[in-house]
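Below: one structure, written as structure tokens.
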Amino acid sequence: MIKARNLSKRYGEKRVFRRVDVDLPSGGFLLVTGANGSGKTTLLRVLAGLAAPSGGELELPSRELVGYLGHDPLVYRELTPLENLTLFGRLYRVPERAERIGMLLERFGLWEVRHQRVSTFSRGMQQRLGLCRVLLHNPDLLVFDEPFNALDVAGAELLDETLTELAGRTLVVATHDPDRVSELVTQRLALA
Amino acid sequence: MTTYDSPVMRPTKDNRLPMLAALTTVLFAAAMALIFFYAPTDQDQGLSQRIFYFHVPLALTAYVAFGWGAWKALLHLWKRPEEADLESYVAIHQGVIFGSLVLLTGTLWAKISWGVWWVWTDDELVLFLVLFLFYCAYFMLRYSVDAGPSRANMSAVYALFGVVLIPISILAIRLSRTIATQHPEVFKAAGPQMSNAQFFTFCVAWAAMVSLFATLYNLELAGKRLDAHLRELREILT
Amino acid sequence: MSYASAVAALLRKDLLLELRAKETLPAMLIFVISALTVFHFALPDGSNHTAALGLLWIAIVFTALLGLTRAFVPEREQGTLEALVLTPCDRSAIWAAKALSVLAFLILAEVVALPAFAAFFSGVNGRTVAAVALADIGIAAVGTLTGAMAVAGRARELILPLLFLPLSIPIVVGGIGASVQPGGKYLLLLVLYDAVFTLLAWGAFEYVVVET
């Protein structure tokens with residue numbers, strides 16, 4: 001699913017990471033660890049196709065097959081969850097959009113608030129909506145950057161469940177809390 | 001697999017720089033001799049008309065530089081050769097330097113010929129002012145974004161807008177003129193309005209100016225490549 | 001077909017956001033009326049109609065700049081531009097929808113500004129209205145592209161006027177020319193500008209929002 005050889009990234013004079021090799025087969029779970037500032041976020045953005053590496057070789061699936069959840073939920077705060085997901089559903093040309101959106105909102109406990117603006121939500125609820133957005137188009141490759149951040153206990157348990165259910169998909173996850181996902185992990189990458 | 005080449009820039013070995021510099025020196029010496037000792041003195045304007053042999057070649061060379069920068073920008077977006085972004089930037093940088101000299105020689109000439117420092121009825125001066133502002137914004141854009149692929153892309157797009165802006169601005173400025181132009185129209189459809197001696201001098205002066213541009217362009221590129229190479233070495237050592 | 005539906009979905013989102021947040025259009029309206037008021041005091045007594053028309057064009061360009069400033073800032077701050085770029089829709093659809101929403105706000109602002117100008121200064125003729133309509137297209141097309149460039153940098157919206165104003169000079173020339181001189185050559189200049197720069201901005205937008 002992902003093949004990367006001798007990948008490096010720098011912005012101007014500043015080097016973010018270098019000599020990263022990844023060979024993640026379909027269905028694999030790659031855990032990315034490293035201290036703050038070690039380039040986890042940048043690496044994940046590269047693996048999600050959002051940023052181009054500065055050097056090396058990289059093979060990624062095409063972008064309709066990728067779902068990326070960053071630190072921010074990447075949803076419109078002045079729109080409702082329903083409006084947000086309808087927009088992205090249209091852009092991804094999701095079949096049977098209304099049913100799929102309803103199912104996801106139900107699953108992540110947002111059905112009751114589907115007509116409220118996202119700006120009134122807590123950080124955790126926004127993150128759940130972000131998860132809905134990522135799962136909406138059924139991507140083969142999921143890239144999660146610190147997905148447990150901002151989630152309360154119930155939200156985190158829900159995410160645990162979701163990650164387990166996603167077995168069979170390919171996952172790349174960066175987290176400070178590797179114990180949470182240790183049973184699922186097939187590969188590890190430590191950034192220095 | 002897509003290969004992302006890090007721009008491993010090496011100082012060029014087959015350095016054409018000394019050759020170019022020598023050529024520029026010879027051409028400039030010839031141009032100076034022709035301008036001051038060979039070209040006939042203008043009957044109306046006297047000595048000051050000789051600034052023409054600097055002003056117009058500077059302007060034409062600035063167009064060459066902007067055009068070259070835009071061509072490299074197009075190449076960057078199209079085929080992505082390694083150094084196109086740097087080359088585009090350096091060409092535009094030189095173009096702005098030549099363009100500033102066009103403004104300077106233009107205002108000097110305006111002051112001597114017409115008694116004023118600035119005339120809005122002079123198409124070429126106005127155009128160079130617009131271009132000067134445009135390319136200043138190009139530098140602001142470049143300095144506000146971190147070096148990297150997105151800066152290279154945006155610079156290239158803006159540089160392409162620049163060459164499209166040139167003909168449209170010429171058209172707009174021509175249209176905006178409400179009174180007859182004061183700018184001497186040297187090149188008419190019927191051919192250059194110059195004596196053979198003047199035309200020859202002009203051609204040599206222009207060749208000298210283009211050669212100067214080529215020299216400065218390659219000099220700045222060599223410097224930038226050396227910088228990049230040094231950075232690479234430092235990185236390998238850490 | 002799917003391109004059009006992507007543009008429609010994105011445009012609907014932009015208009016809905018403005019309807020909720022009410023950030024851009026009210027600001028543009030108040031700005032353009034304030035500008036015209038300031039211009040009244042800036043014009044000495046006995047100034048002619050032509051000078052006032054010149055100020056109308058300044059008001060239009062700067063009102064447009066105000067709207068353009070906000071076009072991409074929220075998208076960049078909330079990261080939603082990245083979410084849009086990740087979707088499989090053609091990136092130029094993002095530009096098209098944004099340009100159409102900017103165009104809509106600009107037209108709405110002018111629907112107020114032109115009658116106000118007529119009341120404060122002097123009437124506007126049909127050629128001026130046609131020129132304003134044509135100028136709006138060019139402003140929206142080029143402004144949206146430069147707006148996306150401006151928010152990518154550290155200076156954010158600060159450099160948008162620097163990027164946009166040199167590019168707007170042919171628009172101002174065409175607009176003021178059409179306002180004060182009979183004949184269609186200035187309108188033709190605007191049509192040419194719109195055609196060339198809309199095509200260029202449409203084709204170039206992708207490179208402004210992606211790294212690869």
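Residues are referred to by chain and number: the chain letter is A, B, ... according to the order shown in the structure tokens, the number counts from 1 in that chain, and ligands are numbered separately from 1 in the order shown.
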
I'd like a table as a Markdown table: residues in chain A with an atom no more than 6 Å from chain B, each row giving the shortest atom pair and its distance in Å to one decimal, only C-alpha atoms counted, sorted by chain and rising residue number.
| residue | atom | partner | partner_atom | distance |
| --- | --- | --- | --- | --- |
| A:Tyr11 | CA | B:Gly148 | CA | 5.6 |
| A:Gly12 | CA | B:Ala147 | CA | 4.3 |
| A:Ser54 | CA | B:Ser6 | CA | 5.2 |
| A:Gly55 | CA | B:Ser6 | CA | 4.3 |
| A:Gly56 | CA | B:Tyr4 | CA | 5.3 |
| A:Glu57 | CA | B:Thr3 | CA | 4.3 |
| A:Leu58 | CA | B:Thr2 | CA | 5.4 |
| A:Glu59 | CA | B:Met1 | CA | 4.7 |

Check: which chain C residues lie within 12 Å of chain A using only C-alpha atoms, as an MDAnalysis selection string = chainID C and resid 1:23 74:91 93:94 209:212

inquiry  = I'd like the contact shell of Phe62 in chain C - 10 Å cut-off, only C-alpha atoms, skipping same-chain residues fewer than 3 positions apart - returned as a PyMOL selection string.
reply    = chain C and resi 28+31-32+35+57-59+65-68+161+165

query = So which residues of range 9-237 of chain B fall under helix (DSSP H, G or I) by DSSP, listed as a VMD selection string?
reply = chain B and resid 17 to 38 47 to 78 84 to 114 123 to 144 149 to 176 196 to 237

key: Shell of 12 Å around range 211-224 of chain B, only C-alpha atoms, local chain residues under 6 positions omitted, as a VMD selection string   = chain B and resid 7 9 to 28 31 57 to 66 68 to 69 83 to 99 204 to 205 230 to 231

message = Report, in Å with one decimal, the straight-line distance from CA of Val173 in chain A to CA of Gln187 in chain A.
response =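 Calculated distance between CA of Val173 in chain A and CA of Gln187 in chain A is 10.5 Å.
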
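Selected on chain B by distance to chain C: Val130, Leu133, Phe134, Ala137, Ser144, Val145, Pro149, Ser150, Asn153, Met154, Val157, Leu165, Ile168, Ser169, Ala172 and Ser176 of chain B (within 7 Å, counting only C-alpha atoms).
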
Go ahead and save the residues from that selection, with C-alpha atoms, as a JSON list (two decimals), in the first residue's frame.
[["chain", "number", "residue", "atom", "x", "y", "z"],
["B", 130, "VAL", "CA", 3.86, 48.48, -13.30],
["B", 133, "LEU", "CA", 5.64, 46.81, -8.70],
["B", 134, "PHE", "CA", 4.55, 43.40, -9.95],
["B", 137, "ALA", "CA", 5.31, 41.57, -5.11],
["B", 144, "SER", "CA", 6.78, 35.09, 2.90],
["B", 145, "VAL", "CA", 6.71, 31.36, 2.08],
["B", 149, "PRO", "CA", 7.86, 22.77, -3.36],
["B", 150, "SER", "CA", 4.86, 24.99, -2.67],
["B", 153, "ASN", "CA", 4.98, 26.33, -7.52],
["B", 154, "MET", "CA", 3.54, 29.65, -6.44],
["B", 157, "VAL", "CA", 2.53, 30.66, -11.32],
["B", 165, "LEU", "CA", 0.52, 40.98, -17.79],
["B", 168, "ILE", "CA", -2.09, 43.34, -21.63],
["B", 169, "SER", "CA", -0.50, 46.25, -19.78],
["B", 172, "ALA", "CA", -4.01, 49.13, -21.52],
["B", 176, "SER", "CA", -5.16, 55.04, -21.46]]

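Interatomic distance, CA of Ala130 in chain C against CA of Asn48 in chain C: 21.9 Å.
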
key: Pick from C:Ala140, C:Val61, C:Leu25, C:Val180, whichever lies nearest to Ala99 in chain C using only C-alpha atoms   =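 Smallest separation from Ala99 in chain C among the options: C:Ala140.
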
message = As an exercise, work out the distance from CA of Val102 in chain B to CA of Ile173 in chain B in Å and give it to one decimal place.
response =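 That distance, rounded to one decimal, is 17.2 Å.
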